[in-house]
Amino acid sequence: MKDFEINEKYGSWFRLDNSAAVYPMLITLKTQSLFRLGVELKEYVDRDDLEKALKITFKRYPSFEVELSQGFFRHYFVTNKRPPIVRADDGSLLKKIDFRYNKGYLLRVTYYKRKIFVDFFHGLCDGISAMEFLKTLVYYYLLERGVEYPHDNMIKTLSQPLDLEEFKDGFKEYYTKFKISKGIKSMKGEGAFPIKDKLFKKEGFGLVQAQINTDELLALSKKYNCSLTVLLASIAMISISKTYYKNDSNKDLVVFIPINLRRFYPSKTVYNFTTFAKCRINPRAVEQTIEAYAEVIKEQLSRQLTKEQLDLKLSFTSLMDKRPYLKYMPLFIKSFFAKLAKRLTGSAQQTMIISNLGKVNMPKGYEEHIENFSFNLNCGNKTPNNMAIVSYKDKTMISFTRQIVSTEIERKFFTALSGMGLNVKIASNLREVAQDEM
């Protein structure tokens, strides 16, 4: 069976990658797997020009210009021929995408003053591919505004021939045979210490976001002999421990860190191609210092980033496609078991998710028009506070997205960074202030 077919005359279709296949099964009235990317420009956004740029950008990313359809065995994407719509952002961070209201599209483009936001349904792609889409959108938007610089092959545009390798499923392409028992053992884990606090009553999340100088952050991580991700994960776990952890707890703090598999496998896919590393810390057994926490996270990350472990994680993701008794199971049965498994998992599997998209590379000249990029993760009842990081030029944006009213984790986290000499510029959507009025 083919994985995709691109036909401009009759329309195209694309299979969901093996990682994304479960996302449509788990959509409910209240939950939807989303994440947000944003860019802040140095001038106010023009809606009409943004809408024109979006239409062009979709032509460069045909697997994004789609709507979700349902077959007998699995979901798939088909070309969406309706004109996309750009709307003013209503301030409700990462609320569900109403696919019908959104003309069937699985991503939502909004704007507010100088900011452009794109909310992505995770079944469509991961953060790495989403950022490439946003870069192209910015390129064509600025082109509509009369701004043009050579893209230097750093931005995907229509001037480059379409590479069919982009539409291949990396999980399927690099699958290797494995023992199911070994795969299950590598993926499962004991319940994590949960963050429990008062939740917002209505849809939309709280946001606390900080801008910090990138070079200063990197110098600090070098001081602690670790990566920027490990440094920030260590400070976040200490902040959670000081805020919520009780000494009589028998559960570990568990941080999930997404791993971009394109760093390890030569894939050009624009679909999902990430896995997770799980790092566990027992606050009763580890000294509550950045040095101690960073050493634990570093050691566990290194063990999970070996080729053997990555092959196993990657291949386990393709289990539903490679085992005939799962591949040819009717979709309604697969959906039933997927939702049942989610309900039966009563405890949180992670305390927090921390995702670092790294540095956004744009061609020379664009810094005259772009202030910064931003990144927001979704969250839920079991993982109500997550952190996302992205850097552009000399600015790193650290964003906490939360479903709980309290901002105590963020206060401790950014106070720690400030106490180490960093200049921390904080912004918030002040969702907690309006809580009593909702």
# chains A, B, ... in the order shown; residues from 1 in each chain; ligands from 1
>>> closest_atom_pairs(of="region 221-320 of chain A", to="region 397-404 of chain A", cutoff="12 Å", atoms="only C-alpha atoms", output="CSV")
residue,atom,partner,partner_atom,distance
A:Leu228,CA,A:Ile398,CA,11.4
A:Thr229,CA,A:Ile398,CA,10.9
A:Leu232,CA,A:Ile398,CA,9.3
A:Ala233,CA,A:Ile398,CA,11.5
A:Ala236,CA,A:Phe400,CA,10.3
>>> select_by_dssp(residues="region 154-263 of chain A", states="helix (DSSP H, G or I)", output="number ranges by chain")
A: 164-167, 170-173, 180-187, 214-223, 228-244, 261-263
>>> residues_around(residues="Lys298 (chain A)", least_positions_apart="6", cutoff="10 Å", atoms="only C-alpha atoms", output="PyMOL selection string")
chain A and resi 225-227+229-231+234+279
>>> residues_around(residues="Phe133 (chain A)", least_positions_apart="4", cutoff="9 Å", atoms="only C-alpha atoms", output="list of chain:residue names")
A:Thr57, A:Phe58, A:Arg60, A:Tyr61, A:Phe64, A:Ile128, A:Ser129, A:Leu137, A:Val138, A:Ile155, A:Lys156
>>> closest_residue(among="A:Leu417, A:Val118, A:Ile370, A:Leu305", to="Glu40 (chain A)", atoms="only C-alpha atoms")
A:Ile370
>>> atom_distance(atom1="CA of Tyr265 (chain A)", atom2="CA of Arg303 (chain A)")
17.7 Å
>>> closest_residue(among="A:Gln209, A:Thr269, A:Ser92, A:Asn153", to="Ser63 (chain A)", atoms="only C-alpha atoms")
A:Thr269
>>> closest_residue(among="A:Gln309, A:Thr176, A:Asn282, A:Ser391", to="Val39 (chain A)", atoms="only C-alpha atoms")
A:Ser391
>>> residues_around(residues="Ser406 (chain A)", least_positions_apart="5", cutoff="8 Å", atoms="only C-alpha atoms", output="PyMOL selection string")
chain A and resi 197-198+432
>>> residues_around(residues="Arg284 (chain A)", least_positions_apart="5", cutoff="12 Å", atoms="only C-alpha atoms", output="ChimeraX atom specification")
/A:238,241-242,245-253,293
>>> write_last_selection(atoms="all heavy atoms", output="short mmCIF file (atom, residue, chain, number, x, y, z; two decimals), in the first residue's frame")
data_model
loop_
_atom_site.label_atom_id
_atom_site.label_comp_id
_atom_site.auth_asym_id
_atom_site.auth_seq_id
_atom_site.Cartn_x
_atom_site.Cartn_y
_atom_site.Cartn_z
N ILE A 238 13.65 20.92 40.47
CA ILE A 238 13.87 21.45 41.83
C ILE A 238 12.72 22.37 42.23
O ILE A 238 12.23 22.32 43.37
CB ILE A 238 15.22 22.20 41.89
CG1 ILE A 238 16.38 21.22 41.76
CG2 ILE A 238 15.35 22.99 43.20
CD1 ILE A 238 17.74 21.89 41.64
N SER A 241 9.79 20.19 43.09
CA SER A 241 10.04 19.52 44.37
C SER A 241 9.80 20.45 45.54
O SER A 241 9.15 20.10 46.52
CB SER A 241 11.48 18.99 44.39
OG SER A 241 11.76 18.37 45.63
N LYS A 242 10.32 21.68 45.44
CA LYS A 242 10.16 22.64 46.53
C LYS A 242 8.71 23.09 46.70
O LYS A 242 8.29 23.46 47.80
CB LYS A 242 11.05 23.86 46.28
CG LYS A 242 12.54 23.58 46.46
CD LYS A 242 13.35 24.85 46.23
CE LYS A 242 14.83 24.60 46.50
NZ LYS A 242 15.66 25.82 46.26
N TYR A 245 6.43 18.56 46.36
CA TYR A 245 6.87 17.24 46.78
C TYR A 245 6.85 17.10 48.31
O TYR A 245 7.30 17.99 49.03
CB TYR A 245 8.27 16.92 46.26
CG TYR A 245 8.60 15.44 46.27
CD1 TYR A 245 8.20 14.63 45.22
CD2 TYR A 245 9.28 14.87 47.34
CE1 TYR A 245 8.49 13.27 45.22
CE2 TYR A 245 9.57 13.52 47.34
CZ TYR A 245 9.18 12.72 46.27
OH TYR A 245 9.46 11.37 46.28
N LYS A 246 6.32 15.98 48.76
CA LYS A 246 6.30 15.67 50.19
C LYS A 246 7.21 14.47 50.43
O LYS A 246 7.25 13.54 49.63
CB LYS A 246 4.87 15.38 50.67
CG LYS A 246 3.94 16.58 50.55
CD LYS A 246 2.53 16.21 50.98
CE LYS A 246 1.61 17.43 50.96
NZ LYS A 246 1.52 18.08 49.64
N ASN A 247 7.89 14.48 51.55
CA ASN A 247 8.88 13.43 51.83
C ASN A 247 8.28 12.04 51.96
O ASN A 247 8.98 11.04 51.84
CB ASN A 247 9.67 13.77 53.10
CG ASN A 247 10.64 14.91 52.86
OD1 ASN A 247 11.14 15.08 51.76
ND2 ASN A 247 10.89 15.71 53.90
N ASP A 248 6.97 11.96 52.22
CA ASP A 248 6.35 10.64 52.35
C ASP A 248 5.88 10.09 50.99
O ASP A 248 5.29 9.01 50.92
CB ASP A 248 5.17 10.70 53.33
CG ASP A 248 4.08 11.67 52.88
OD1 ASP A 248 4.31 12.43 51.92
OD2 ASP A 248 3.01 11.68 53.51
N SER A 249 6.15 10.82 49.93
CA SER A 249 5.75 10.34 48.61
C SER A 249 6.65 9.18 48.19
O SER A 249 7.86 9.17 48.44
CB SER A 249 5.85 11.46 47.58
OG SER A 249 5.57 10.96 46.29
N ASN A 250 6.06 8.20 47.53
CA ASN A 250 6.84 7.06 47.06
C ASN A 250 7.03 7.09 45.54
O ASN A 250 7.41 6.09 44.93
CB ASN A 250 6.15 5.74 47.46
CG ASN A 250 4.75 5.62 46.85
OD1 ASN A 250 4.26 6.55 46.23
ND2 ASN A 250 4.13 4.48 47.04
N LYS A 251 6.77 8.25 44.94
CA LYS A 251 6.91 8.36 43.49
C LYS A 251 8.02 9.35 43.14
O LYS A 251 8.28 10.30 43.85
CB LYS A 251 5.59 8.82 42.86
CG LYS A 251 4.48 7.78 42.98
CD LYS A 251 3.22 8.22 42.26
CE LYS A 251 2.16 7.12 42.35
NZ LYS A 251 0.90 7.53 41.67
N ASP A 252 8.65 9.07 41.99
CA ASP A 252 9.73 9.93 41.52
C ASP A 252 9.19 11.09 40.69
O ASP A 252 8.10 11.00 40.09
CB ASP A 252 10.70 9.13 40.64
CG ASP A 252 11.40 8.03 41.40
OD1 ASP A 252 11.48 8.12 42.64
OD2 ASP A 252 11.88 7.07 40.75
N LEU A 253 9.96 12.15 40.63
CA LEU A 253 9.72 13.18 39.63
C LEU A 253 10.17 12.62 38.29
O LEU A 253 11.25 12.04 38.19
CB LEU A 253 10.51 14.45 39.94
CG LEU A 253 10.27 15.14 41.29
CD1 LEU A 253 11.23 16.30 41.46
CD2 LEU A 253 8.83 15.61 41.40
N TYR A 293 21.04 17.28 40.29
CA TYR A 293 19.93 16.96 39.39
C TYR A 293 20.41 16.84 37.94
O TYR A 293 19.99 15.95 37.20
CB TYR A 293 18.83 18.02 39.50
CG TYR A 293 17.81 17.76 40.59
CD1 TYR A 293 18.22 17.45 41.89
CD2 TYR A 293 16.46 17.83 40.33
CE1 TYR A 293 17.29 17.21 42.90
CE2 TYR A 293 15.50 17.60 41.32
CZ TYR A 293 15.93 17.29 42.60
OH TYR A 293 15.00 17.05 43.59
#
>>> atom_distance(atom1="CA of Phe276 (chain A)", atom2="CA of Tyr174 (chain A)")
16.8 Å
>>> closest_residue(among="A:Thr79, A:Asn260, A:Ser239, A:Asn272", to="Leu124 (chain A)", atoms="only C-alpha atoms")
A:Asn272
>>> select_by_dssp(residues="region 193-300 of chain A", states="strand (DSSP E or B)", output="ChimeraX atom specification")
/A:199,206-213,252-260,274-281
>>> closest_atom_pairs(of="region 87-171 of chain A", to="region 348-361 of chain A", cutoff="12 Å", atoms="only C-alpha atoms", output="Markdown table")
| residue | atom | partner | partner_atom | distance |
| --- | --- | --- | --- | --- |
| A:Asp126 | CA | A:Leu357 | CA | 10.2 |
| A:Gly127 | CA | A:Leu357 | CA | 7.0 |
| A:Ile128 | CA | A:Leu357 | CA | 6.7 |
| A:Ser129 | CA | A:Leu357 | CA | 10.4 |
| A:Ala130 | CA | A:Leu357 | CA | 10.3 |
| A:Met131 | CA | A:Val360 | CA | 8.0 |
| A:Glu132 | CA | A:Val360 | CA | 9.1 |
| A:Leu134 | CA | A:Val360 | CA | 10.5 |
| A:Lys135 | CA | A:Val360 | CA | 8.8 |
| A:Thr136 | CA | A:Asn361 | CA | 11.9 |
| A:His151 | CA | A:Asn361 | CA | 10.7 |
| A:Asp152 | CA | A:Asn361 | CA | 10.8 |
| A:Asn153 | CA | A:Asn361 | CA | 10.7 |
| A:Met154 | CA | A:Asn361 | CA | 7.0 |
| A:Ile155 | CA | A:Asn361 | CA | 8.7 |
>>> write_last_selection(atoms="all heavy atoms", output="tab-separated table (two decimals), in the first residue's frame")
chain	number	residue	atom	x	y	z
A	126	ASP	N	5.36	17.18	13.99
A	126	ASP	CA	5.99	17.51	15.27
A	126	ASP	C	6.50	18.95	15.22
A	126	ASP	O	6.32	19.67	14.23
A	126	ASP	CB	7.13	16.53	15.59
A	126	ASP	CG	8.21	16.49	14.51
A	126	ASP	OD1	8.37	17.48	13.76
A	126	ASP	OD2	8.92	15.47	14.41
A	127	GLY	N	7.11	19.40	16.31
A	127	GLY	CA	7.53	20.78	16.42
A	127	GLY	C	8.59	21.18	15.41
A	127	GLY	O	8.63	22.33	14.96
A	128	ILE	N	9.47	20.24	15.04
A	128	ILE	CA	10.54	20.55	14.09
A	128	ILE	C	9.95	20.89	12.72
A	128	ILE	O	10.29	21.91	12.11
A	128	ILE	CB	11.52	19.36	13.96
A	128	ILE	CG1	12.14	19.02	15.33
A	128	ILE	CG2	12.58	19.66	12.93
A	128	ILE	CD1	12.96	20.13	15.94
A	129	SER	N	9.04	20.05	12.23
A	129	SER	CA	8.40	20.31	10.94
A	129	SER	C	7.50	21.53	11.00
A	129	SER	O	7.41	22.30	10.04
A	129	SER	CB	7.60	19.08	10.50
A	129	SER	OG	8.44	17.98	10.26
A	130	ALA	N	6.83	21.69	12.13
A	130	ALA	CA	5.95	22.85	12.30
A	130	ALA	C	6.73	24.15	12.20
A	130	ALA	O	6.27	25.13	11.61
A	130	ALA	CB	5.23	22.76	13.65
A	131	MET	N	7.94	24.17	12.76
A	131	MET	CA	8.76	25.38	12.69
A	131	MET	C	9.17	25.67	11.25
A	131	MET	O	9.25	26.84	10.83
A	131	MET	CB	9.98	25.25	13.59
A	131	MET	CG	10.86	26.50	13.62
A	131	MET	SD	9.97	28.02	14.10
A	131	MET	CE	9.85	27.76	15.88
A	132	GLU	N	9.44	24.62	10.46
A	132	GLU	CA	9.76	24.83	9.05
A	132	GLU	C	8.57	25.46	8.33
A	132	GLU	O	8.72	26.35	7.48
A	132	GLU	CB	10.16	23.51	8.39
A	132	GLU	CG	11.49	22.95	8.88
A	132	GLU	CD	12.65	23.90	8.65
A	132	GLU	OE1	12.74	24.48	7.54
A	132	GLU	OE2	13.46	24.09	9.57
A	134	LEU	N	6.25	27.36	9.72
A	134	LEU	CA	6.13	28.75	10.17
A	134	LEU	C	7.16	29.64	9.48
A	134	LEU	O	6.86	30.77	9.10
A	134	LEU	CB	6.29	28.82	11.69
A	134	LEU	CG	6.24	30.23	12.30
A	134	LEU	CD1	4.93	30.94	11.97
A	134	LEU	CD2	6.42	30.16	13.81
A	135	LYS	N	8.38	29.15	9.31
A	135	LYS	CA	9.41	29.93	8.63
A	135	LYS	C	8.98	30.26	7.19
A	135	LYS	O	9.18	31.38	6.72
A	135	LYS	CB	10.74	29.15	8.62
A	135	LYS	CG	11.44	29.10	9.97
A	135	LYS	CD	12.56	28.08	10.00
A	135	LYS	CE	13.65	28.34	8.99
A	135	LYS	NZ	14.75	27.36	9.10
A	136	THR	N	8.40	29.27	6.52
A	136	THR	CA	7.92	29.51	5.16
A	136	THR	C	6.78	30.51	5.16
A	136	THR	O	6.70	31.39	4.29
A	136	THR	CB	7.47	28.18	4.51
A	136	THR	OG1	8.56	27.26	4.52
A	136	THR	CG2	7.00	28.40	3.08
A	151	HIS	N	16.76	33.24	0.36
A	151	HIS	CA	16.43	32.26	1.40
A	151	HIS	C	17.62	31.36	1.75
A	151	HIS	O	17.61	30.67	2.78
A	151	HIS	CB	15.21	31.41	1.02
A	151	HIS	CG	15.35	30.68	-0.28
A	151	HIS	ND1	16.23	29.64	-0.47
A	151	HIS	CD2	14.71	30.84	-1.46
A	151	HIS	CE1	16.13	29.17	-1.69
A	151	HIS	NE2	15.21	29.89	-2.33
A	152	ASP	N	18.65	31.33	0.88
A	152	ASP	CA	19.89	30.60	1.16
A	152	ASP	C	19.64	29.14	1.56
A	152	ASP	O	20.37	28.56	2.36
A	152	ASP	CB	20.68	31.29	2.28
A	152	ASP	CG	21.19	32.66	1.87
A	152	ASP	OD1	21.33	32.89	0.65
A	152	ASP	OD2	21.43	33.50	2.75
A	153	ASN	N	18.57	28.54	1.01
A	153	ASN	CA	18.19	27.15	1.31
A	153	ASN	C	17.94	26.91	2.80
A	153	ASN	O	18.01	25.78	3.27
A	153	ASN	CB	19.27	26.18	0.81
A	153	ASN	CG	19.33	26.14	-0.71
A	153	ASN	OD1	18.30	26.19	-1.37
A	153	ASN	ND2	20.53	26.07	-1.26
A	154	MET	N	17.65	27.98	3.54
A	154	MET	CA	17.33	27.85	4.97
A	154	MET	C	15.82	27.86	5.19
A	154	MET	O	15.35	27.63	6.29
A	154	MET	CB	17.98	28.99	5.76
A	154	MET	CG	19.50	28.97	5.70
A	154	MET	SD	20.26	30.45	6.41
A	154	MET	CE	19.88	30.22	8.14
A	155	ILE	N	15.07	28.16	4.13
A	155	ILE	CA	13.62	28.19	4.19
A	155	ILE	C	13.09	27.39	3.00
A	155	ILE	O	13.59	27.54	1.87
A	155	ILE	CB	13.08	29.63	4.13
A	155	ILE	CG1	13.62	30.46	5.29
A	155	ILE	CG2	11.55	29.64	4.17
A	155	ILE	CD1	13.22	31.93	5.24
>>> closest_residue(among="A:Tyr175, A:Tyr112, A:Phe256, A:Tyr101", to="Thr275 (chain A)", atoms="only C-alpha atoms")
A:Phe256
>>> atom_distance(atom1="CA of Leu142 (chain A)", atom2="CA of Thr396 (chain A)")
22.7 Å
>>> closest_residue(among="A:Val270, A:Ile212, A:Leu68, A:Val390", to="Leu164 (chain A)", atoms="only C-alpha atoms")
A:Val270
